[in-house]
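> Got a file for you: entry-v4.cif, mmCIF, C-alpha atoms.
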```cif
data_model
loop_
_atom_site.label_atom_id
_atom_site.label_comp_id
_atom_site.auth_asym_id
_atom_site.auth_seq_id
_atom_site.Cartn_x
_atom_site.Cartn_y
_atom_site.Cartn_z
CA MET A 1 -21.35 41.96 -32.94
CA ALA A 2 -19.50 39.31 -34.92
CA PHE A 3 -21.12 35.91 -35.00
CA ILE A 4 -19.16 32.65 -35.21
CA ASN A 5 -19.74 30.55 -38.33
CA LEU A 6 -17.31 27.76 -37.43
CA VAL A 7 -16.66 26.21 -34.02
CA ARG A 8 -13.81 23.75 -33.42
CA PHE A 9 -11.10 22.98 -30.89
CA ASP A 10 -7.87 21.27 -31.94
CA GLY A 11 -6.82 20.32 -28.43
CA LEU A 12 -3.54 20.95 -26.63
CA LYS A 13 -0.11 19.56 -27.42
CA SER A 14 0.30 18.29 -23.87
CA ARG A 15 -2.97 16.32 -24.10
CA ASP A 16 -3.40 16.75 -20.36
CA TRP A 17 -6.63 18.74 -20.73
CA LEU A 18 -9.99 17.37 -19.64
CA ILE A 19 -12.46 20.19 -20.36
CA TYR A 20 -12.06 23.36 -22.44
CA LYS A 21 -14.64 26.16 -22.60
CA TYR A 22 -14.92 27.75 -26.04
CA PRO A 23 -14.07 31.49 -25.80
CA SER A 24 -17.17 32.83 -27.61
CA GLU A 25 -20.88 32.39 -26.99
CA ASP A 26 -22.17 34.40 -30.00
CA LEU A 27 -23.54 31.90 -32.51
CA VAL A 28 -26.15 31.71 -35.25
CA LEU A 29 -28.32 28.89 -36.43
CA GLY A 30 -26.39 27.45 -39.34
CA THR A 31 -22.99 27.67 -37.61
CA GLN A 32 -20.84 24.66 -38.44
CA LEU A 33 -19.53 22.62 -35.51
CA ILE A 34 -16.56 20.26 -35.91
CA VAL A 35 -15.88 17.77 -33.12
CA GLN A 36 -12.52 16.00 -33.35
CA GLU A 37 -11.90 12.33 -32.56
CA GLY A 38 -11.52 11.86 -28.84
CA GLN A 39 -13.79 14.79 -28.06
CA ALA A 40 -17.37 15.56 -27.11
CA ALA A 41 -18.99 19.03 -27.33
CA VAL A 42 -21.56 19.98 -24.67
CA PHE A 43 -23.91 22.92 -25.43
CA VAL A 44 -25.27 24.80 -22.42
CA LYS A 45 -27.99 27.49 -22.61
CA SER A 46 -29.25 29.37 -19.55
CA GLY A 47 -27.59 26.84 -17.26
CA LEU A 48 -29.22 23.84 -18.97
CA VAL A 49 -27.49 21.26 -21.16
CA ALA A 50 -29.03 21.69 -24.62
CA ASP A 51 -27.26 18.78 -26.31
CA VAL A 52 -23.99 16.86 -26.60
CA PHE A 53 -22.19 16.19 -29.89
CA TYR A 54 -19.63 13.43 -30.54
CA PRO A 55 -16.95 13.28 -33.30
CA GLY A 56 -18.23 14.59 -36.62
CA THR A 57 -19.33 17.76 -38.46
CA TYR A 58 -22.68 19.37 -37.63
CA THR A 59 -24.71 22.35 -38.80
CA LEU A 60 -26.40 23.88 -35.76
CA ALA A 61 -30.16 24.04 -36.11
CA THR A 62 -33.23 23.75 -33.93
CA GLU A 63 -33.51 20.13 -35.12
CA ASN A 64 -30.30 19.11 -33.36
CA LEU A 65 -30.68 21.70 -30.58
CA PRO A 66 -34.37 21.25 -29.75
CA LEU A 67 -34.05 22.96 -26.38
CA LEU A 68 -33.24 26.24 -28.15
CA LYS A 69 -36.73 26.48 -29.63
CA GLY A 70 -38.18 27.65 -26.36
CA LEU A 71 -35.18 29.75 -25.34
CA ILE A 72 -34.59 32.02 -28.39
CA ASN A 73 -36.70 34.08 -30.73
CA LEU A 74 -36.59 33.31 -34.44
CA PRO A 75 -36.99 36.71 -36.19
CA PHE A 76 -34.02 36.14 -38.51
CA GLY A 77 -35.22 32.99 -40.18
CA GLY A 78 -32.51 30.44 -40.80
CA ARG A 79 -29.67 32.71 -39.52
CA THR A 80 -31.09 33.53 -36.11
CA PRO A 81 -28.34 34.65 -33.70
CA PHE A 82 -28.21 33.11 -30.25
CA SER A 83 -25.73 32.65 -27.41
CA ALA A 84 -24.69 29.37 -25.87
CA GLU A 85 -21.75 28.03 -23.88
CA ILE A 86 -19.75 25.31 -25.60
CA TYR A 87 -17.58 22.90 -23.58
CA PHE A 88 -15.21 20.50 -25.30
CA VAL A 89 -14.58 17.34 -23.27
CA ASN A 90 -11.56 15.05 -23.76
CA THR A 91 -12.86 11.47 -24.12
CA THR A 92 -9.51 9.80 -24.90
CA VAL A 93 -8.11 7.21 -22.50
CA ARG A 94 -5.55 8.50 -20.00
CA LEU A 95 -3.34 5.66 -18.74
CA ASP A 96 -0.67 7.77 -17.03
CA ILE A 97 -2.56 9.02 -13.98
CA HIS A 98 -0.24 8.45 -11.03
CA TRP A 99 -1.28 8.26 -7.38
CA GLY A 100 0.43 7.71 -4.03
CA THR A 101 -0.19 7.79 -0.29
CA ASN A 102 0.64 11.14 1.32
CA ASP A 103 1.11 9.68 4.79
CA PRO A 104 2.19 6.12 5.69
CA ILE A 105 -0.02 3.23 6.75
CA GLN A 106 1.10 2.33 10.27
CA LEU A 107 0.58 -1.28 11.31
CA ILE A 108 2.25 -4.21 13.08
CA ASP A 109 3.78 -6.85 10.81
CA PRO A 110 1.86 -10.07 11.65
CA LYS A 111 4.90 -12.28 11.16
CA TYR A 112 7.75 -10.32 12.75
CA TYR A 113 5.70 -8.13 15.15
CA VAL A 114 7.54 -4.99 14.08
CA LYS A 115 5.76 -1.65 13.64
CA LEU A 116 6.00 -0.58 10.01
CA ARG A 117 5.24 2.65 8.13
CA ILE A 118 4.05 1.48 4.74
CA ARG A 119 3.61 3.65 1.65
CA ALA A 120 2.03 2.68 -1.65
CA PHE A 121 2.34 4.07 -5.17
CA GLY A 122 0.66 3.22 -8.44
CA GLN A 123 -0.96 4.23 -11.71
CA MET A 124 -4.45 4.19 -13.15
CA GLY A 125 -6.30 4.75 -16.41
CA LEU A 126 -9.46 6.87 -16.83
CA ARG A 127 -11.82 7.78 -19.60
CA VAL A 128 -14.86 10.07 -19.77
CA LEU A 129 -17.84 7.83 -20.46
CA ASP A 130 -20.68 10.32 -19.90
CA ALA A 131 -19.78 13.94 -20.77
CA VAL A 132 -23.15 15.31 -19.64
CA ARG A 133 -22.92 13.64 -16.23
CA LEU A 134 -19.34 14.90 -15.83
CA PHE A 135 -20.48 18.45 -16.58
CA LYS A 136 -23.50 18.32 -14.27
CA GLU A 137 -21.85 16.57 -11.32
CA LEU A 138 -18.32 17.91 -11.36
CA ILE A 139 -17.98 21.06 -13.48
CA GLY A 140 -21.16 23.15 -13.46
CA GLY A 141 -19.55 26.24 -15.01
CA MET A 142 -16.26 27.76 -16.12
CA GLN A 143 -14.80 31.05 -17.29
CA GLN A 144 -14.35 31.66 -21.04
CA ALA A 145 -11.26 29.96 -22.55
CA ASP A 146 -10.74 28.20 -19.21
CA ILE A 147 -9.21 24.71 -19.07
CA VAL A 148 -9.63 21.91 -16.54
CA LYS A 149 -6.66 19.54 -16.52
CA PHE A 150 -6.45 15.96 -15.32
CA ASP A 151 -4.30 17.10 -12.40
CA LYS A 152 -7.38 18.79 -10.98
CA ILE A 153 -9.27 15.51 -11.15
CA LYS A 154 -6.39 13.68 -9.44
CA GLU A 155 -6.53 16.18 -6.59
CA TYR A 156 -10.30 15.74 -6.33
CA TYR A 157 -10.13 11.95 -6.15
CA ARG A 158 -6.86 11.56 -4.23
CA GLY A 159 -8.66 11.08 -0.90
CA LEU A 160 -10.86 8.32 -2.31
CA LEU A 161 -7.93 6.52 -3.93
CA VAL A 162 -5.72 6.67 -0.85
CA ILE A 163 -8.44 5.51 1.54
CA LYS A 164 -9.38 2.52 -0.63
CA ALA A 165 -5.74 1.58 -1.26
CA LYS A 166 -4.83 1.82 2.44
CA SER A 167 -7.83 -0.27 3.42
CA ALA A 168 -7.06 -3.03 0.91
CA ILE A 169 -3.35 -3.19 1.84
CA ALA A 170 -4.00 -3.25 5.59
CA GLU A 171 -6.71 -5.88 5.18
CA THR A 172 -4.42 -8.10 3.11
CA ILE A 173 -1.57 -7.87 5.62
CA ILE A 174 -3.56 -8.17 8.84
CA ASN A 175 -6.46 -10.47 7.97
CA ASN A 176 -4.39 -12.84 5.83
CA GLY A 177 -1.35 -12.75 8.11
CA ILE A 178 1.00 -11.77 5.27
CA SER A 179 4.26 -10.05 6.15
CA ALA A 180 5.06 -6.74 4.48
CA LEU A 181 8.13 -8.47 3.01
CA GLU A 182 5.83 -10.88 1.17
CA ILE A 183 3.22 -8.33 0.04
CA SER A 184 4.75 -7.96 -3.45
CA ALA A 185 3.22 -11.30 -4.43
CA LYS A 186 -0.23 -9.85 -3.65
CA LEU A 187 0.00 -6.63 -5.71
CA GLU A 188 -2.24 -7.92 -8.50
CA GLU A 189 -4.88 -9.09 -6.04
CA ILE A 190 -4.80 -5.78 -4.15
CA SER A 191 -4.98 -3.80 -7.40
CA LEU A 192 -8.09 -5.65 -8.53
CA LYS A 193 -9.73 -5.20 -5.14
CA VAL A 194 -9.15 -1.44 -5.14
CA GLU A 195 -10.29 -1.10 -8.76
CA ASN A 196 -13.59 -2.84 -7.97
CA GLN A 197 -14.13 -0.48 -5.03
CA ILE A 198 -13.35 2.81 -6.79
CA ALA A 199 -15.01 2.08 -10.16
CA PRO A 200 -18.59 2.80 -8.92
CA GLU A 201 -17.42 6.07 -7.33
CA PHE A 202 -15.90 7.31 -10.60
CA GLU A 203 -19.01 6.25 -12.56
CA LYS A 204 -21.07 8.66 -10.45
CA TYR A 205 -19.17 11.51 -12.13
CA GLY A 206 -19.15 10.19 -15.69
CA PHE A 207 -15.79 8.36 -15.66
CA THR A 208 -14.97 4.73 -16.33
CA VAL A 209 -11.87 3.19 -14.74
CA ILE A 210 -9.82 1.49 -17.47
CA ASN A 211 -7.31 -0.06 -15.06
CA PHE A 212 -5.78 0.43 -11.64
CA PHE A 213 -2.36 -0.76 -10.48
CA VAL A 214 -0.55 -0.80 -7.14
CA GLN A 215 3.00 -0.71 -8.46
CA SER A 216 4.96 -0.72 -5.22
CA ILE A 217 4.47 -1.09 -1.47
CA ASN A 218 7.49 -0.12 0.61
CA PHE A 219 8.62 1.11 4.00
CA PRO A 220 11.64 3.04 5.37
CA ASP A 221 15.06 1.39 5.60
CA GLU A 222 15.10 1.71 9.39
CA ASP A 223 11.93 -0.39 9.60
CA PHE A 224 13.48 -2.99 7.32
CA GLU A 225 16.59 -3.10 9.53
CA LYS A 226 14.44 -4.22 12.45
CA ILE A 227 13.12 -7.17 10.47
CA ASN A 228 16.58 -7.91 9.07
CA LYS A 229 17.98 -8.13 12.62
CA ILE A 230 15.27 -10.64 13.54
CA LEU A 231 16.10 -12.73 10.48
CA GLU A 232 19.81 -12.67 11.33
CA ASP A 233 19.15 -13.82 14.90
CA LYS A 234 16.86 -16.56 13.65
CA ALA A 235 19.51 -17.79 11.22
CA ALA A 236 22.16 -17.78 13.98
CA PHE A 237 19.84 -19.73 16.28
CA GLU A 238 19.22 -22.40 13.64
CA ILE A 239 22.91 -22.72 12.72
CA MET A 240 24.43 -22.62 16.20
CA GLY A 241 21.76 -24.43 18.17
CA GLU A 242 19.93 -23.22 21.24
CA GLY A 243 22.72 -23.69 23.79
CA ARG A 244 25.46 -21.93 21.87
CA TYR A 245 23.09 -19.19 20.70
CA VAL A 246 22.10 -18.37 24.30
CA THR A 247 25.78 -18.29 25.28
CA LYS A 248 26.60 -15.96 22.38
CA ARG A 249 23.77 -13.62 23.31
CA SER A 250 25.02 -13.57 26.88
CA PHE A 251 28.46 -12.53 25.66
CA ASP A 252 26.88 -9.80 23.50
CA VAL A 253 24.96 -8.38 26.46
CA TYR A 254 27.99 -8.56 28.74
CA GLU A 255 30.20 -6.88 26.12
CA GLY A 256 27.66 -4.11 25.69
CA ALA A 257 27.51 -3.63 29.43
CA ALA A 258 31.31 -3.45 29.68
CA ASN A 259 31.44 -0.76 26.99
CA ASN A 260 28.70 1.31 28.62
CA LYS A 261 29.94 4.55 30.20
CA SER A 262 27.78 3.94 33.25
CA GLY A 263 29.44 0.60 33.87
CA VAL A 264 28.01 -2.90 33.91
CA ALA A 265 25.27 -2.16 36.44
CA GLY A 266 24.22 0.98 34.57
CA ALA A 267 23.93 -0.86 31.26
CA PHE A 268 21.79 -3.61 32.79
CA ALA A 269 19.65 -1.04 34.58
CA ALA A 270 19.16 0.87 31.32
CA GLY A 271 18.10 -2.37 29.70
CA GLY A 272 15.56 -3.05 32.42
CA ILE A 273 17.55 -5.88 34.10
CA GLY A 274 17.93 -5.87 37.86
CA LEU A 275 21.36 -5.83 39.49
CA GLY A 276 20.84 -9.26 41.01
CA ALA A 277 19.90 -10.74 37.67
CA ALA A 278 22.91 -9.05 36.09
CA MET A 279 25.23 -10.51 38.70
CA ASN A 280 23.76 -13.97 38.18
CA MET A 281 24.24 -13.61 34.45
CA GLY A 282 27.81 -12.47 35.00
CA ALA A 283 28.48 -15.43 37.25
CA ALA A 284 27.01 -17.84 34.75
CA MET A 285 29.10 -16.30 32.00
CA GLY A 286 32.17 -16.48 34.21
CA GLN A 287 31.59 -20.19 34.60
CA THR A 288 31.18 -20.50 30.87
CA VAL A 289 34.40 -18.61 30.20
CA GLY A 290 36.37 -20.36 32.93
CA ASN A 291 35.11 -23.81 32.12
CA PRO A 292 34.52 -24.00 28.38
CA ILE A 293 32.33 -26.92 27.38
CA ARG A 294 33.65 -29.02 24.59
CA ARG A 295 31.51 -31.39 22.57
CA GLU A 296 33.38 -34.51 23.85
CA GLU A 297 32.86 -33.46 27.52
CA THR A 298 29.05 -33.51 27.45
CA LYS A 299 26.40 -36.12 28.06
CA THR A 300 22.69 -36.36 27.38
CA CYS A 301 20.20 -35.78 30.17
CA VAL A 302 18.15 -38.97 30.56
CA SER A 303 15.04 -36.90 31.31
CA CYS A 304 14.89 -34.00 28.79
CA GLY A 305 17.64 -34.97 26.32
CA ALA A 306 19.61 -31.72 26.75
CA GLN A 307 23.41 -31.73 26.36
CA ILE A 308 24.96 -31.15 29.81
CA PRO A 309 28.53 -31.21 31.20
CA ILE A 310 29.66 -34.76 31.71
CA LYS A 311 30.39 -34.19 35.41
CA SER A 312 27.04 -32.55 36.15
CA LYS A 313 24.92 -34.41 38.70
CA PHE A 314 21.77 -32.46 37.96
CA CYS A 315 20.49 -31.22 34.60
CA PRO A 316 20.60 -27.39 34.39
CA GLU A 317 17.57 -27.51 32.08
CA CYS A 318 15.11 -29.75 33.98
CA GLY A 319 16.88 -30.37 37.30
CA PHE A 320 16.83 -34.17 36.93
CA ASN A 321 19.45 -36.18 38.85
CA ASN A 322 21.86 -37.64 36.28
CA SER A 323 24.48 -39.01 38.72
CA GLU A 324 25.22 -42.73 39.00
CA ILE A 325 23.54 -44.52 41.92
CA ILE A 326 25.13 -47.46 43.80
CA CYS A 327 22.74 -49.94 45.38
CA SER A 328 23.39 -51.31 48.87
CA CYS A 329 24.28 -54.58 47.17
CA GLY A 330 27.15 -52.80 45.40
CA ASN A 331 25.57 -52.80 41.92
CA LYS A 332 25.86 -49.57 39.85
CA LEU A 333 22.48 -48.30 38.68
CA ALA A 334 21.75 -46.15 35.65
CA PRO A 335 20.48 -42.60 36.31
CA GLY A 336 16.75 -42.64 36.82
CA ALA A 337 16.51 -46.33 37.82
CA LYS A 338 13.79 -47.03 40.40
CA PHE A 339 14.74 -50.64 41.31
CA CYS A 340 18.02 -52.55 41.36
CA PRO A 341 18.09 -55.22 38.65
CA GLU A 342 20.34 -57.43 40.81
CA CYS A 343 18.63 -57.48 44.22
CA GLY A 344 15.31 -55.86 43.33
CA LYS A 345 15.59 -53.29 46.06
CA LYS A 346 13.76 -50.04 45.51
CA VAL A 347 16.05 -47.06 44.95
CA GLU A 348 15.56 -44.47 47.68
#
```
Rewrite the structure of this file - the entire thing - as C-alpha cells.


Amino acid sequence: MAFINLVRFDGLKSRDWLIYKYPSEDLVLGTQLIVQEGQAAVFVKSGLVADVFYPGTYTLATENLPLLKGLINLPFGGRTPFSAEIYFVNTTVRLDIHWGTNDPIQLIDPKYYVKLRIRAFGQMGLRVLDAVRLFKELIGGMQQADIVKFDKIKEYYRGLLVIKAKSAIAETIINNGISALEISAKLEEISLKVENQIAPEFEKYGFTVINFFVQSINFPDEDFEKINKILEDKAAFEIMGEGRYVTKRSFDVYEGAANNKSGVAGAFAAGGIGLGAAMNMGAAMGQTVGNPIRREETKTCVSCGAQIPIKSKFCPECGFNNSEIICSCGNKLAPGAKFCPECGKKVE
C-alpha cells in the first residue's frame, strides 16, 4: 500500500467547484498538507470532523489532529499510517450566482386593476464562512474524487430564494399600492429586504450572503398591452373632454357592432348589452350624427354647468329646465328664476 506524503488540490479552471473530495485516504503522520488561498481542508475520520485547515503548509501530526490519538494505533512511531477523508472547500467569493422565478407571480395591479403575471430575475454573491458547518449540515459524505459545484447549491436554495423574492415583490406592489410599471424604482429596496430575509437561512449552512440583487421585474407583452390601452383611453379622455370622448366611444362600439358577422344585435348581445339598450344607443348616435353639435351652438346648463345644445329646454345631464320663462306681466325671466323681478310674482 502506497502512502501519500503530500496532499494538495490546485482547484479547477472553471472555478465553479464548491467541495472536492481528495481521491486517497491512505496517509501517514508526517504527510505534508498544502492548502491554497481561497480553500479550507476538512479532515474526517470515522464520520467525525477531526480538524479544519486554512491556507498554509502543514505537517500532519497528532498535535494538529488531536482526534486521531484515540482513533489510531501508534506502532510506527513518527510515521504511523492512518486513513482519513480530506475535503477541500472553496472559500472564495462567488458573485455570479444567478436566480429567477420558475413560475410567475399572479396579482392585480393596484393602480390599473389589470391581472399581471410578473417574473423576477437577479444575481447574488455567496461565500463559505464556516466549512465545518457546511460539511455537517449540507454534505455529510461524498465519493472519492467527487465534486460538488455551485449549481447544486443553487438548486438546493432555489425554493427559498423564489419564495422570499415573490413575497417581497407582492408585498411592495399590493401593500404600498405601487403599479408594476413603477416597480423598477423599488428594486434596491426589494433587494435589501430579500437579502435580510435569506441571510439567516444561508448562515445555518455555513454560508454568508455577500449581496443580493433583483435585477429585473417584468411581465408578458400582452399584459402590458392591457395597461397601455387604459393609458391611451385616459389620454384621449383628458384631451377630448368627457362629452366628445363618450361620443367617440359610442362610435367605436357602433362600428364594431356593424362589422360583426352576427349583426348589430349579435355584437351587443356578445358584449353583454341588451337589445333595448343597443337600440337606445343607436338612436342617440343617430341624433348625434344627424345633428352634429358645434361649439358655437351650445350653452351652459345653469344647474350643473354642462355644455348642452342651445335649443335644448332640459339638460340631458341633470334634467334641469333651461328654457326661458315669460311672466304673466310679460317680463322674460332667466332659467331657474323663482320670482319675477318686475312684479314679484312667484314663478309657477

> Which residues fall under the PyMOL selection byres ((chain A and resi 119) around 8) in this file, as a PDB file with C-alpha atoms, in the coordinates of the input?


```
ATOM      1  CA  GLY A 100       0.430   7.710  -4.030  1.00  0.00           C
ATOM      2  CA  THR A 101      -0.190   7.790  -0.290  1.00  0.00           C
ATOM      3  CA  ASP A 103       1.110   9.680   4.790  1.00  0.00           C
ATOM      4  CA  PRO A 104       2.190   6.120   5.690  1.00  0.00           C
ATOM      5  CA  ILE A 105      -0.020   3.230   6.750  1.00  0.00           C
ATOM      6  CA  ARG A 117       5.240   2.650   8.130  1.00  0.00           C
ATOM      7  CA  ILE A 118       4.050   1.480   4.740  1.00  0.00           C
ATOM      8  CA  ALA A 120       2.030   2.680  -1.650  1.00  0.00           C
ATOM      9  CA  PHE A 121       2.340   4.070  -5.170  1.00  0.00           C
ATOM     10  CA  ILE A 217       4.470  -1.090  -1.470  1.00  0.00           C
ATOM     11  CA  ASN A 218       7.490  -0.120   0.610  1.00  0.00           C
ATOM     12  CA  PHE A 219       8.620   1.110   4.000  1.00  0.00           C
TER      13      PHE A 219
END
```

> Up to 9 Å from (23.6, -39.4, 35.5) in the file's coordinates: name the residues, counting all atoms listed in the file, as a list in words.

Lys299, Thr300, Cys301, Val302, Ile310, Lys311, Ser312, Lys313, Phe314, Cys315, Phe320, Asn321, Asn322, Ser323, Glu324, Ile325, Ala334, Pro335 and Gly336 of chain A

> Could you give me, as a ChimeraX atom specification, the residues that sit within 12 Å of (-2.7, -8.9, 4.7) in the file's coordinates, counting all atoms listed in the file?

/A:107-111,166-187,189-190

> Output the residue selection produced by the PyMOL selection byres ((chain A and resi 15-28) around 9) on the file above, formatted as a ChimeraX atom specification.

/A:1-9,11-14,29-31,60-61,78-91,94,128,139,142-151,153

> Provide the atom CA of A:Leu95 to atom CA of A:Ser191 distance in Å, to one decimal place.

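These two atoms are separated by 14.9 Å.
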
> My list of candidates is A:Asp221, A:Asp130, A:Asp96, A:Glu201. Which is closest to A:Leu160 when distances are computed with all atoms listed in the file?

A:Glu201

> Once the PyMOL selection byres ((chain A and resi 129) around 9) has been applied to the shown file, what residues remain in the selection, as an mmCIF file with C-alpha atoms, keeping the file's coordinate frame?


```cif
data_model
loop_
_atom_site.group_PDB
_atom_site.id
_atom_site.type_symbol
_atom_site.label_atom_id
_atom_site.label_comp_id
_atom_site.auth_asym_id
_atom_site.auth_seq_id
_atom_site.Cartn_x
_atom_site.Cartn_y
_atom_site.Cartn_z
ATOM 1 C CA THR A 91 -12.860 11.470 -24.120
ATOM 2 C CA ARG A 127 -11.820 7.780 -19.600
ATOM 3 C CA VAL A 128 -14.860 10.070 -19.770
ATOM 4 C CA ASP A 130 -20.680 10.320 -19.900
ATOM 5 C CA ALA A 131 -19.780 13.940 -20.770
ATOM 6 C CA ARG A 133 -22.920 13.640 -16.230
ATOM 7 C CA LEU A 134 -19.340 14.900 -15.830
ATOM 8 C CA GLU A 203 -19.010 6.250 -12.560
ATOM 9 C CA GLY A 206 -19.150 10.190 -15.690
ATOM 10 C CA PHE A 207 -15.790 8.360 -15.660
ATOM 11 C CA THR A 208 -14.970 4.730 -16.330
#
```

> Which residues come within 9 Å of A:Val347, counting all atoms listed in the file, excluding same-chain residues fewer than 2 positions away, as JSON, numbers by chain?

{"A": [325, 327, 337, 338, 339, 340, 344, 345]}

> Please determine, counting all atoms listed in the file, which residue among A:Val52, A:Leu116, A:Ala40, A:Leu33 has the shortest atom-to-atom distance to A:Phe224.

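Going through A:Val52, A:Leu116, A:Ala40, A:Leu33 one by one, the smallest distance to A:Phe224 is for A:Leu116.
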
> Of the candidates A:Phe213, A:Tyr205, A:Tyr113, A:Trp99, which one gets nearest to A:Phe135 if we count only C-alpha atoms?

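Smallest separation from A:Phe135 among the options: A:Tyr205.
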
> Quick one, how far is atom CA of A:Lys154 from atom CA of A:Asn211?

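Spanning atom CA of A:Lys154 to atom CA of A:Asn211 is a straight-line distance of 14.9 Å.
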
> State, in Å with one decimal place, the distance from atom CA of A:Ser303 to atom CA of A:Cys318.

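Between these atoms lies a distance of 7.6 Å.
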
> Near A:Glu37, counting all atoms listed in the file, which residues have an atom at most 9 Å away, once you skip same-chain residues fewer than 4 positions from it, shown as a ChimeraX atom specification?

/A:54-56,91-92

> Start from the incomplete input, build N, CA, C and O atoms for stretch 177-192 of chain A, and deliver everything as a PDB file, keeping the file's coordinate frame.


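For reference, rebuild11.pdb as written:
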```pdb
ATOM      1  N   GLY A 177      -2.589 -12.419   7.428  1.00  0.00           N
ATOM      2  CA  GLY A 177      -1.350 -12.750   8.110  1.00  0.00           C
ATOM      3  C   GLY A 177      -0.131 -12.730   7.210  1.00  0.00           C
ATOM      4  O   GLY A 177       0.800 -13.513   7.393  1.00  0.00           O
ATOM      5  N   ILE A 178      -0.112 -11.837   6.221  1.00  0.00           N
ATOM      6  CA  ILE A 178       1.000 -11.770   5.270  1.00  0.00           C
ATOM      7  C   ILE A 178       1.972 -10.686   5.705  1.00  0.00           C
ATOM      8  O   ILE A 178       1.576  -9.559   5.990  1.00  0.00           O
ATOM      9  N   SER A 179       3.251 -11.023   5.779  1.00  0.00           N
ATOM     10  CA  SER A 179       4.260 -10.050   6.150  1.00  0.00           C
ATOM     11  C   SER A 179       4.408  -8.997   5.048  1.00  0.00           C
ATOM     12  O   SER A 179       4.164  -9.269   3.871  1.00  0.00           O
ATOM     13  N   ALA A 180       4.825  -7.798   5.455  1.00  0.00           N
ATOM     14  CA  ALA A 180       5.060  -6.740   4.480  1.00  0.00           C
ATOM     15  C   ALA A 180       6.161  -7.118   3.501  1.00  0.00           C
ATOM     16  O   ALA A 180       6.198  -6.629   2.371  1.00  0.00           O
ATOM     17  N   LEU A 181       7.068  -8.019   3.913  1.00  0.00           N
ATOM     18  CA  LEU A 181       8.130  -8.470   3.010  1.00  0.00           C
ATOM     19  C   LEU A 181       7.585  -9.373   1.910  1.00  0.00           C
ATOM     20  O   LEU A 181       8.227  -9.554   0.880  1.00  0.00           O
ATOM     21  N   GLU A 182       6.411  -9.940   2.132  1.00  0.00           N
ATOM     22  CA  GLU A 182       5.830 -10.880   1.170  1.00  0.00           C
ATOM     23  C   GLU A 182       4.674 -10.268   0.386  1.00  0.00           C
ATOM     24  O   GLU A 182       4.036 -10.948  -0.415  1.00  0.00           O
ATOM     25  N   ILE A 183       4.401  -8.970   0.622  1.00  0.00           N
ATOM     26  CA  ILE A 183       3.220  -8.330   0.040  1.00  0.00           C
ATOM     27  C   ILE A 183       3.338  -8.158  -1.465  1.00  0.00           C
ATOM     28  O   ILE A 183       2.326  -8.033  -2.165  1.00  0.00           O
ATOM     29  N   SER A 184       4.564  -8.160  -2.005  1.00  0.00           N
ATOM     30  CA  SER A 184       4.750  -7.960  -3.450  1.00  0.00           C
ATOM     31  C   SER A 184       4.019  -9.018  -4.265  1.00  0.00           C
ATOM     32  O   SER A 184       3.558  -8.758  -5.377  1.00  0.00           O
ATOM     33  N   ALA A 185       3.907 -10.223  -3.713  1.00  0.00           N
ATOM     34  CA  ALA A 185       3.220 -11.300  -4.430  1.00  0.00           C
ATOM     35  C   ALA A 185       1.716 -11.068  -4.486  1.00  0.00           C
ATOM     36  O   ALA A 185       1.018 -11.753  -5.243  1.00  0.00           O
ATOM     37  N   LYS A 186       1.213 -10.108  -3.719  1.00  0.00           N
ATOM     38  CA  LYS A 186      -0.230  -9.850  -3.650  1.00  0.00           C
ATOM     39  C   LYS A 186      -0.620  -8.553  -4.361  1.00  0.00           C
ATOM     40  O   LYS A 186      -1.771  -8.128  -4.250  1.00  0.00           O
ATOM     41  N   LEU A 187       0.303  -7.920  -5.088  1.00  0.00           N
ATOM     42  CA  LEU A 187       0.000  -6.630  -5.710  1.00  0.00           C
ATOM     43  C   LEU A 187      -1.148  -6.726  -6.705  1.00  0.00           C
ATOM     44  O   LEU A 187      -2.003  -5.840  -6.769  1.00  0.00           O
ATOM     45  N   GLU A 188      -1.174  -7.782  -7.508  1.00  0.00           N
ATOM     46  CA  GLU A 188      -2.240  -7.920  -8.500  1.00  0.00           C
ATOM     47  C   GLU A 188      -3.593  -8.087  -7.826  1.00  0.00           C
ATOM     48  O   GLU A 188      -4.598  -7.497  -8.255  1.00  0.00           O
ATOM     49  N   GLU A 189      -3.627  -8.878  -6.763  1.00  0.00           N
ATOM     50  CA  GLU A 189      -4.880  -9.090  -6.040  1.00  0.00           C
ATOM     51  C   GLU A 189      -5.365  -7.803  -5.385  1.00  0.00           C
ATOM     52  O   GLU A 189      -6.557  -7.472  -5.429  1.00  0.00           O
ATOM     53  N   ILE A 190      -4.438  -7.049  -4.783  1.00  0.00           N
ATOM     54  CA  ILE A 190      -4.800  -5.780  -4.150  1.00  0.00           C
ATOM     55  C   ILE A 190      -5.272  -4.771  -5.195  1.00  0.00           C
ATOM     56  O   ILE A 190      -6.247  -4.048  -4.979  1.00  0.00           O
ATOM     57  N   SER A 191      -4.593  -4.722  -6.332  1.00  0.00           N
ATOM     58  CA  SER A 191      -4.980  -3.800  -7.400  1.00  0.00           C
ATOM     59  C   SER A 191      -6.397  -4.051  -7.870  1.00  0.00           C
ATOM     60  O   SER A 191      -7.191  -3.106  -8.041  1.00  0.00           O
ATOM     61  N   LEU A 192      -6.737  -5.309  -8.068  1.00  0.00           N
ATOM     62  CA  LEU A 192      -8.090  -5.650  -8.530  1.00  0.00           C
ATOM     63  C   LEU A 192      -9.130  -5.294  -7.482  1.00  0.00           C
ATOM     64  O   LEU A 192     -10.219  -4.794  -7.820  1.00  0.00           O
TER      65      LEU A 192
END
```
